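The file structure34.pdb comes next; it holds PDB, C-alpha atoms and all ligand atoms.
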```pdb
ATOM      1  CA  MET A 131     -18.125  28.982 -77.674  1.00  0.00           C
ATOM      2  CA  ASN A 132     -17.644  25.508 -76.129  1.00  0.00           C
ATOM      3  CA  ILE A 133     -17.282  22.499 -78.410  1.00  0.00           C
ATOM      4  CA  ILE A 134     -17.147  18.727 -77.951  1.00  0.00           C
ATOM      5  CA  LEU A 135     -15.232  16.699 -80.521  1.00  0.00           C
ATOM      6  CA  PHE A 136     -16.562  13.208 -80.298  1.00  0.00           C
ATOM      7  CA  GLY A 137     -15.415  10.020 -82.011  1.00  0.00           C
ATOM      8  CA  PRO A 138     -13.247   6.925 -81.615  1.00  0.00           C
ATOM      9  CA  PRO A 139      -9.468   7.107 -81.130  1.00  0.00           C
ATOM     10  CA  GLY A 140      -7.806   8.033 -84.413  1.00  0.00           C
ATOM     11  CA  ALA A 141     -10.876   9.794 -85.857  1.00  0.00           C
ATOM     12  CA  GLY A 142      -8.983  13.087 -86.113  1.00  0.00           C
ATOM     13  CA  LYS A 143     -10.314  14.867 -83.023  1.00  0.00           C
ATOM     14  CA  GLY A 144      -6.856  16.110 -82.019  1.00  0.00           C
ATOM     15  CA  THR A 145      -6.140  17.498 -85.484  1.00  0.00           C
ATOM     16  CA  GLN A 146      -9.450  19.369 -85.618  1.00  0.00           C
ATOM     17  CA  ALA A 147      -8.963  20.614 -82.043  1.00  0.00           C
ATOM     18  CA  LYS A 148      -5.654  22.221 -83.097  1.00  0.00           C
ATOM     19  CA  HIS A 149      -7.467  23.941 -85.950  1.00  0.00           C
ATOM     20  CA  LEU A 150     -10.150  25.246 -83.577  1.00  0.00           C
ATOM     21  CA  ILE A 151      -7.545  26.633 -81.181  1.00  0.00           C
ATOM     22  CA  ASN A 152      -6.482  29.056 -83.911  1.00  0.00           C
ATOM     23  CA  LYS A 153      -9.895  29.637 -85.412  1.00  0.00           C
ATOM     24  CA  ILE A 154     -11.849  30.528 -82.284  1.00  0.00           C
ATOM     25  CA  ASN A 155      -8.953  31.165 -79.907  1.00  0.00           C
ATOM     26  CA  GLY A 156      -9.962  27.984 -78.125  1.00  0.00           C
ATOM     27  CA  PHE A 157      -8.409  26.003 -75.309  1.00  0.00           C
ATOM     28  CA  GLN A 158      -7.980  22.280 -76.026  1.00  0.00           C
ATOM     29  CA  ILE A 159      -8.878  19.799 -73.314  1.00  0.00           C
ATOM     30  CA  SER A 160      -7.420  16.469 -74.363  1.00  0.00           C
ATOM     31  CA  THR A 161      -7.833  14.025 -71.489  1.00  0.00           C
ATOM     32  CA  GLY A 162      -5.531  11.591 -73.351  1.00  0.00           C
ATOM     33  CA  ASP A 163      -2.738  14.224 -73.359  1.00  0.00           C
ATOM     34  CA  MET A 164      -3.416  15.116 -69.719  1.00  0.00           C
ATOM     35  CA  LEU A 165      -3.205  11.455 -68.707  1.00  0.00           C
ATOM     36  CA  ARG A 166      -0.036  10.839 -70.735  1.00  0.00           C
ATOM     37  CA  ASP A 167       1.417  13.896 -69.044  1.00  0.00           C
ATOM     38  CA  GLU A 168       0.723  12.397 -65.604  1.00  0.00           C
ATOM     39  CA  ILE A 169       2.546   9.216 -66.670  1.00  0.00           C
ATOM     40  CA  GLN A 170       5.499  11.203 -67.936  1.00  0.00           C
ATOM     41  CA  LYS A 171       5.706  13.149 -64.651  1.00  0.00           C
ATOM     42  CA  ASN A 172       5.530   9.805 -62.814  1.00  0.00           C
ATOM     43  CA  SER A 173       2.941  11.389 -60.500  1.00  0.00           C
ATOM     44  CA  ILE A 174       0.680   9.458 -58.109  1.00  0.00           C
ATOM     45  CA  ILE A 175      -2.061   9.531 -60.756  1.00  0.00           C
ATOM     46  CA  GLY A 176       0.463   8.515 -63.418  1.00  0.00           C
ATOM     47  CA  LYS A 177       1.453   5.412 -61.458  1.00  0.00           C
ATOM     48  CA  LYS A 178      -2.209   4.467 -60.995  1.00  0.00           C
ATOM     49  CA  ILE A 179      -3.143   4.728 -64.649  1.00  0.00           C
ATOM     50  CA  ILE A 180      -0.122   3.457 -66.577  1.00  0.00           C
ATOM     51  CA  ASN A 181      -1.303  -0.156 -66.794  1.00  0.00           C
ATOM     52  CA  ASP A 182      -4.849   0.693 -67.899  1.00  0.00           C
ATOM     53  CA  MET A 183      -3.558   3.167 -70.488  1.00  0.00           C
ATOM     54  CA  ASN A 184      -1.127   0.650 -71.934  1.00  0.00           C
ATOM     55  CA  ASP A 185      -3.850  -2.009 -72.064  1.00  0.00           C
ATOM     56  CA  GLY A 186      -6.166   0.297 -73.995  1.00  0.00           C
ATOM     57  CA  LYS A 187      -8.659   0.380 -71.126  1.00  0.00           C
ATOM     58  CA  PHE A 188     -10.451   3.453 -69.866  1.00  0.00           C
ATOM     59  CA  VAL A 189      -9.016   5.334 -66.927  1.00  0.00           C
ATOM     60  CA  SER A 190     -11.514   5.638 -64.054  1.00  0.00           C
ATOM     61  CA  ASP A 191     -14.124   8.390 -64.285  1.00  0.00           C
ATOM     62  CA  GLU A 192     -13.037   9.617 -60.872  1.00  0.00           C
ATOM     63  CA  ILE A 193      -9.476  10.350 -62.020  1.00  0.00           C
ATOM     64  CA  VAL A 194     -10.477  11.893 -65.357  1.00  0.00           C
ATOM     65  CA  ASN A 195     -13.227  14.020 -63.783  1.00  0.00           C
ATOM     66  CA  SER A 196     -10.814  15.338 -61.164  1.00  0.00           C
ATOM     67  CA  LEU A 197      -8.303  16.338 -63.862  1.00  0.00           C
ATOM     68  CA  ILE A 198     -10.722  18.398 -65.934  1.00  0.00           C
ATOM     69  CA  LYS A 199     -12.421  20.182 -63.054  1.00  0.00           C
ATOM     70  CA  ALA A 200      -9.730  22.836 -62.617  1.00  0.00           C
ATOM     71  CA  VAL A 201      -9.491  23.476 -66.359  1.00  0.00           C
ATOM     72  CA  ILE A 202     -13.224  24.070 -66.760  1.00  0.00           C
ATOM     73  CA  SER A 203     -13.504  26.360 -63.774  1.00  0.00           C
ATOM     74  CA  ASN A 204     -10.471  28.445 -64.800  1.00  0.00           C
ATOM     75  CA  PRO A 205     -11.941  31.838 -65.905  1.00  0.00           C
ATOM     76  CA  GLN A 206      -9.227  32.152 -68.580  1.00  0.00           C
ATOM     77  CA  ASN A 207     -10.718  29.188 -70.451  1.00  0.00           C
ATOM     78  CA  ARG A 208     -14.297  30.354 -70.145  1.00  0.00           C
ATOM     79  CA  ASN A 209     -16.342  29.723 -73.315  1.00  0.00           C
ATOM     80  CA  LYS A 210     -13.181  28.624 -75.141  1.00  0.00           C
ATOM     81  CA  LEU A 211     -13.365  24.950 -74.254  1.00  0.00           C
ATOM     82  CA  ILE A 212     -12.641  22.382 -76.948  1.00  0.00           C
ATOM     83  CA  PHE A 213     -13.123  18.879 -75.585  1.00  0.00           C
ATOM     84  CA  ASP A 214     -11.077  16.218 -77.314  1.00  0.00           C
ATOM     85  CA  GLY A 215     -11.669  12.738 -75.914  1.00  0.00           C
ATOM     86  CA  TYR A 216     -14.016  13.785 -73.118  1.00  0.00           C
ATOM     87  CA  PRO A 217     -16.715  12.832 -72.167  1.00  0.00           C
ATOM     88  CA  ARG A 218     -16.410   9.134 -72.951  1.00  0.00           C
ATOM     89  CA  SER A 219     -19.024   7.724 -70.572  1.00  0.00           C
ATOM     90  CA  ILE A 220     -22.436   8.736 -69.259  1.00  0.00           C
ATOM     91  CA  SER A 221     -20.918   9.472 -65.875  1.00  0.00           C
ATOM     92  CA  GLN A 222     -18.422  11.844 -67.526  1.00  0.00           C
ATOM     93  CA  ALA A 223     -21.171  13.479 -69.612  1.00  0.00           C
ATOM     94  CA  LYS A 224     -23.189  14.139 -66.452  1.00  0.00           C
ATOM     95  CA  ASN A 225     -20.119  15.456 -64.686  1.00  0.00           C
ATOM     96  CA  LEU A 226     -19.459  17.795 -67.606  1.00  0.00           C
ATOM     97  CA  ASP A 227     -23.037  19.119 -67.446  1.00  0.00           C
ATOM     98  CA  PHE A 228     -22.644  19.653 -63.732  1.00  0.00           C
ATOM     99  CA  LEU A 229     -19.335  21.525 -64.053  1.00  0.00           C
ATOM    100  CA  LEU A 230     -20.578  23.700 -66.932  1.00  0.00           C
ATOM    101  CA  ASN A 231     -23.833  24.563 -65.142  1.00  0.00           C
ATOM    102  CA  GLY A 232     -21.812  25.464 -62.061  1.00  0.00           C
ATOM    103  CA  SER A 233     -19.802  28.006 -64.034  1.00  0.00           C
ATOM    104  CA  ASN A 234     -22.783  29.217 -66.080  1.00  0.00           C
ATOM    105  CA  GLN A 235     -21.572  27.751 -69.363  1.00  0.00           C
ATOM    106  CA  LYS A 236     -23.000  25.377 -71.956  1.00  0.00           C
ATOM    107  CA  ILE A 237     -21.953  23.246 -74.888  1.00  0.00           C
ATOM    108  CA  ASP A 238     -22.568  25.065 -78.171  1.00  0.00           C
ATOM    109  CA  PHE A 239     -21.561  22.364 -80.667  1.00  0.00           C
ATOM    110  CA  ILE A 240     -21.017  18.616 -80.613  1.00  0.00           C
ATOM    111  CA  PHE A 241     -19.219  17.154 -83.631  1.00  0.00           C
ATOM    112  CA  PHE A 242     -19.195  13.409 -84.032  1.00  0.00           C
ATOM    113  CA  LEU A 243     -16.348  12.334 -86.326  1.00  0.00           C
ATOM    114  CA  ASN A 244     -17.587   8.947 -87.409  1.00  0.00           C
ATOM    115  CA  VAL A 245     -15.032   6.594 -88.902  1.00  0.00           C
ATOM    116  CA  ASP A 246     -14.747   2.847 -89.485  1.00  0.00           C
ATOM    117  CA  LYS A 247     -12.241   0.509 -87.865  1.00  0.00           C
ATOM    118  CA  ASP A 248     -10.003  -0.057 -90.928  1.00  0.00           C
ATOM    119  CA  THR A 249      -9.418   3.649 -91.484  1.00  0.00           C
ATOM    120  CA  ILE A 250      -8.611   4.109 -87.783  1.00  0.00           C
ATOM    121  CA  VAL A 251      -6.035   1.317 -87.732  1.00  0.00           C
ATOM    122  CA  LYS A 252      -4.231   2.750 -90.754  1.00  0.00           C
ATOM    123  CA  ARG A 253      -4.191   6.241 -89.264  1.00  0.00           C
ATOM    124  CA  ILE A 254      -2.997   5.239 -85.808  1.00  0.00           C
ATOM    125  CA  GLU A 255      -0.217   3.104 -87.244  1.00  0.00           C
ATOM    126  CA  LYS A 256       1.015   6.162 -89.106  1.00  0.00           C
ATOM    127  CA  ARG A 257       0.786   8.287 -85.951  1.00  0.00           C
ATOM    128  CA  LYS A 258       2.608   5.627 -83.965  1.00  0.00           C
ATOM    129  CA  ILE A 259       5.674   6.162 -86.143  1.00  0.00           C
ATOM    130  CA  ILE A 260       5.434   9.955 -85.936  1.00  0.00           C
ATOM    131  CA  GLU A 261       4.620  10.387 -82.240  1.00  0.00           C
ATOM    132  CA  ASN A 262       6.109   7.197 -80.818  1.00  0.00           C
ATOM    133  CA  ARG A 263       3.101   6.674 -78.510  1.00  0.00           C
ATOM    134  CA  SER A 264       3.606   3.697 -76.198  1.00  0.00           C
ATOM    135  CA  ASP A 265      -0.075   2.759 -75.964  1.00  0.00           C
ATOM    136  CA  ASP A 266      -0.452   2.416 -79.712  1.00  0.00           C
ATOM    137  CA  ASP A 267       0.217  -1.083 -80.970  1.00  0.00           C
ATOM    138  CA  VAL A 268      -2.328  -2.602 -83.287  1.00  0.00           C
ATOM    139  CA  LYS A 269      -3.889  -4.937 -80.729  1.00  0.00           C
ATOM    140  CA  THR A 270      -4.283  -2.039 -78.330  1.00  0.00           C
ATOM    141  CA  ILE A 271      -5.761   0.093 -81.088  1.00  0.00           C
ATOM    142  CA  LEU A 272      -8.469  -2.464 -81.744  1.00  0.00           C
ATOM    143  CA  ARG A 273      -9.186  -2.839 -78.034  1.00  0.00           C
ATOM    144  CA  ARG A 274      -9.369   0.930 -77.642  1.00  0.00           C
ATOM    145  CA  TYR A 275     -11.755   1.182 -80.568  1.00  0.00           C
ATOM    146  CA  ASP A 276     -13.989  -1.579 -79.156  1.00  0.00           C
ATOM    147  CA  THR A 277     -13.905  -0.118 -75.640  1.00  0.00           C
ATOM    148  CA  TYR A 278     -14.756   3.277 -77.034  1.00  0.00           C
ATOM    149  CA  MET A 279     -17.669   2.020 -79.101  1.00  0.00           C
ATOM    150  CA  LYS A 280     -19.082  -0.085 -76.273  1.00  0.00           C
ATOM    151  CA  THR A 281     -18.771   2.431 -73.449  1.00  0.00           C
ATOM    152  CA  THR A 282     -19.403   5.497 -75.498  1.00  0.00           C
ATOM    153  CA  LYS A 283     -22.472   4.373 -77.421  1.00  0.00           C
ATOM    154  CA  PRO A 284     -24.828   5.560 -74.630  1.00  0.00           C
ATOM    155  CA  VAL A 285     -23.112   8.962 -74.650  1.00  0.00           C
ATOM    156  CA  LEU A 286     -23.595   9.137 -78.403  1.00  0.00           C
ATOM    157  CA  ASP A 287     -27.286   8.305 -78.021  1.00  0.00           C
ATOM    158  CA  PHE A 288     -27.552  10.942 -75.311  1.00  0.00           C
ATOM    159  CA  TYR A 289     -25.929  13.698 -77.372  1.00  0.00           C
ATOM    160  CA  SER A 290     -27.436  12.790 -80.738  1.00  0.00           C
ATOM    161  CA  LYS A 291     -30.806  14.149 -79.559  1.00  0.00           C
ATOM    162  CA  ASN A 292     -29.226  17.550 -79.015  1.00  0.00           C
ATOM    163  CA  PRO A 293     -29.987  20.085 -81.802  1.00  0.00           C
ATOM    164  CA  ASN A 294     -26.307  21.096 -81.730  1.00  0.00           C
ATOM    165  CA  PHE A 295     -25.164  17.562 -82.565  1.00  0.00           C
ATOM    166  CA  HIS A 296     -23.612  17.123 -86.024  1.00  0.00           C
ATOM    167  CA  GLU A 297     -22.232  13.929 -87.491  1.00  0.00           C
ATOM    168  CA  ILE A 298     -19.312  14.334 -89.912  1.00  0.00           C
ATOM    169  CA  ASP A 299     -17.696  11.604 -92.009  1.00  0.00           C
ATOM    170  CA  GLY A 300     -14.322  11.160 -90.290  1.00  0.00           C
ATOM    171  CA  ALA A 301     -12.907   9.300 -93.306  1.00  0.00           C
ATOM    172  CA  LEU A 302     -12.846  12.572 -95.289  1.00  0.00           C
ATOM    173  CA  GLU A 303      -9.595  14.480 -95.793  1.00  0.00           C
ATOM    174  CA  ILE A 304      -8.545  16.729 -92.901  1.00  0.00           C
ATOM    175  CA  ASP A 305      -9.316  19.940 -94.819  1.00  0.00           C
ATOM    176  CA  GLU A 306     -12.744  18.700 -95.829  1.00  0.00           C
ATOM    177  CA  ILE A 307     -13.620  17.974 -92.205  1.00  0.00           C
ATOM    178  CA  THR A 308     -12.299  21.374 -91.160  1.00  0.00           C
ATOM    179  CA  ASN A 309     -14.465  23.056 -93.816  1.00  0.00           C
ATOM    180  CA  LYS A 310     -17.551  21.226 -92.620  1.00  0.00           C
ATOM    181  CA  ILE A 311     -16.893  22.236 -89.023  1.00  0.00           C
ATOM    182  CA  ASP A 312     -16.311  25.862 -90.054  1.00  0.00           C
ATOM    183  CA  ALA A 313     -19.583  25.871 -91.987  1.00  0.00           C
ATOM    184  CA  PHE A 314     -21.495  24.810 -88.880  1.00  0.00           C
ATOM    185  CA  LEU A 315     -19.688  27.351 -86.721  1.00  0.00           C
ATOM    186  CA  GLN A 316     -20.181  30.049 -89.369  1.00  0.00           C
ATOM    187  CA  VAL A 317     -16.665  31.367 -88.808  1.00  0.00           C
TER
HETATM  188  P1  LIG B   1      -6.765   9.470 -76.541  1.00  0.00           P
HETATM  189  O1  LIG B   1      -5.476  10.206 -76.635  1.00  0.00           O
HETATM  190  O2  LIG B   1      -7.946  10.372 -76.386  1.00  0.00           O
HETATM  191  O3  LIG B   1      -6.957   8.483 -77.653  1.00  0.00           O
HETATM  192  O4  LIG B   1      -6.709   8.601 -75.180  1.00  0.00           O
HETATM  193  C1  LIG B   1      -5.690   7.654 -74.937  1.00  0.00           C
HETATM  194  C2  LIG B   1      -6.068   6.795 -73.749  1.00  0.00           C
HETATM  195  O5  LIG B   1      -6.240   7.609 -72.579  1.00  0.00           O
HETATM  196  C3  LIG B   1      -7.403   6.039 -73.864  1.00  0.00           C
HETATM  197  O6  LIG B   1      -7.258   4.817 -74.542  1.00  0.00           O
HETATM  198  C4  LIG B   1      -7.763   5.833 -72.397  1.00  0.00           C
HETATM  199  O7  LIG B   1      -6.974   4.808 -71.813  1.00  0.00           O
HETATM  200  C5  LIG B   1      -7.306   7.149 -71.772  1.00  0.00           C
HETATM  201  N1  LIG B   1      -8.364   8.190 -71.779  1.00  0.00           N
HETATM  202  C6  LIG B   1      -8.355   9.365 -72.487  1.00  0.00           C
HETATM  203  N2  LIG B   1      -9.459  10.089 -72.251  1.00  0.00           N
HETATM  204  C7  LIG B   1     -10.207   9.368 -71.382  1.00  0.00           C
HETATM  205  C8  LIG B   1     -11.470   9.565 -70.775  1.00  0.00           C
HETATM  206  N3  LIG B   1     -12.216  10.666 -71.032  1.00  0.00           N
HETATM  207  N4  LIG B   1     -11.925   8.602 -69.929  1.00  0.00           N
HETATM  208  C9  LIG B   1     -11.204   7.492 -69.671  1.00  0.00           C
HETATM  209  N5  LIG B   1     -10.015   7.223 -70.218  1.00  0.00           N
HETATM  210  C10 LIG B   1      -9.499   8.148 -71.072  1.00  0.00           C
END
```
Please, can you express the file's structure as structure tokens?
Ligand code: AMP
Amino acid sequence: MNIILFGPPGAGKGTQAKHLINKINGFQISTGDMLRDEIQKNSIIGKKIINDMNDGKFVSDEIVNSLIKAVISNPQNRNKLIFDGYPRSISQAKNLDFLLNGSNQKIDFIFFLNVDKDTIVKRIEKRKIIENRSDDDVKTILRRYDTYMKTTKPVLDFYSKNPNFHEIDGALEIDEITNKIDAFLQV
């Protein structure tokens, strides 16, 4: 089973992805984590993306697409993919289709965790203290939310026509969201 968790930064995608790892023995693909990892390693990619990440801007499709390619084509992750923060643009959505078709896979569920700006700001501020994430100051949060909504709206429109698309109120408690997801998955 392959699943996309969709929604603005701070909507709870990461938390639900962790739950799905246990529930369906899934493999989480968080492009945010992968990119932060590149920065931490001070790799060539890391050096290229650090400014955009800290400004709350999107990293180029080319870089993000290249990072996920190996993960999707790895047979160990086959039909266990849980996408958290990808795709975020039409170009990425098309690339995902292309990579999945190439390995004879498909997306089984798309969950859109919809949540308003105020709730997001409160949540990310809390996470900032816990995780000490450098790209998370309030101004950046708002920019990230706006960037997400602007660039990702077409992807949302694209996926919302899919019969496997389900919108869930992201302002609900974590357990309530988990229960709703489980009900759709029938696990
Ligand atoms: P996240 O941890 O998903 O909230 O992502 C943190 C930051 O990483 C975002 O604000 C972007 O700068 C970058 N990022 C993560 N995923 C993507 C993606 N799919 N495309 C472009 N940039 C991304």
Produce as a short mmCIF file (atom, residue, chain, number, x, y, z; two decimals) with C-alpha atoms, in the frame of the given file the set of residues near ligand LIG 1 (chain B), where near means within 6 Å with all atoms listed in the file considered.
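What follows is the written file part_38.cif:
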```cif
data_model
loop_
_atom_site.label_atom_id
_atom_site.label_comp_id
_atom_site.auth_asym_id
_atom_site.auth_seq_id
_atom_site.Cartn_x
_atom_site.Cartn_y
_atom_site.Cartn_z
CA PRO A 139 -9.47 7.11 -81.13
CA THR A 161 -7.83 14.02 -71.49
CA GLY A 162 -5.53 11.59 -73.35
CA ASP A 163 -2.74 14.22 -73.36
CA MET A 183 -3.56 3.17 -70.49
CA GLY A 186 -6.17 0.30 -74.00
CA LYS A 187 -8.66 0.38 -71.13
CA PHE A 188 -10.45 3.45 -69.87
CA VAL A 189 -9.02 5.33 -66.93
CA SER A 190 -11.51 5.64 -64.05
CA VAL A 194 -10.48 11.89 -65.36
CA GLY A 215 -11.67 12.74 -75.91
CA TYR A 216 -14.02 13.78 -73.12
CA PRO A 217 -16.72 12.83 -72.17
CA ARG A 218 -16.41 9.13 -72.95
CA ARG A 274 -9.37 0.93 -77.64
#
```
- Do you know which residues the PyMOL selection byres (((chain A and resi 149) around 12) and not hetatm) returns on this file, as a count of residues only? 25
- Message: Please enumerate the residues selected by the PyMOL selection byres (((chain A and resi 137) around 6) and not hetatm) when evaluated against the supplied file, formatted as a list in words.
- Response: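 Applying the expression gives Phe136, Pro138, Ala141, Phe242, Leu243 and Asn244 of chain A.
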- Message: I need every residue sitting at most 10 Å from the point (-1.9, -2.5, -72.5) (coordinates as in the file, all atoms listed in the file considered), written as a ChimeraX atom specification.
- Response: /A:180-187,264-267,269-271,273-274
- Item | Contacts of range 237-241 of chain A within 8 Å, only C-alpha atoms, excl. fewer than 6 positions in-chain, as a list in words |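 Everything that qualifies: Met131, Asn132, Ile133, Ile134, Leu135, Phe136, Tyr289, Asn294, Phe295, His296, Glu297, Ile298 and Ile311 of chain A.
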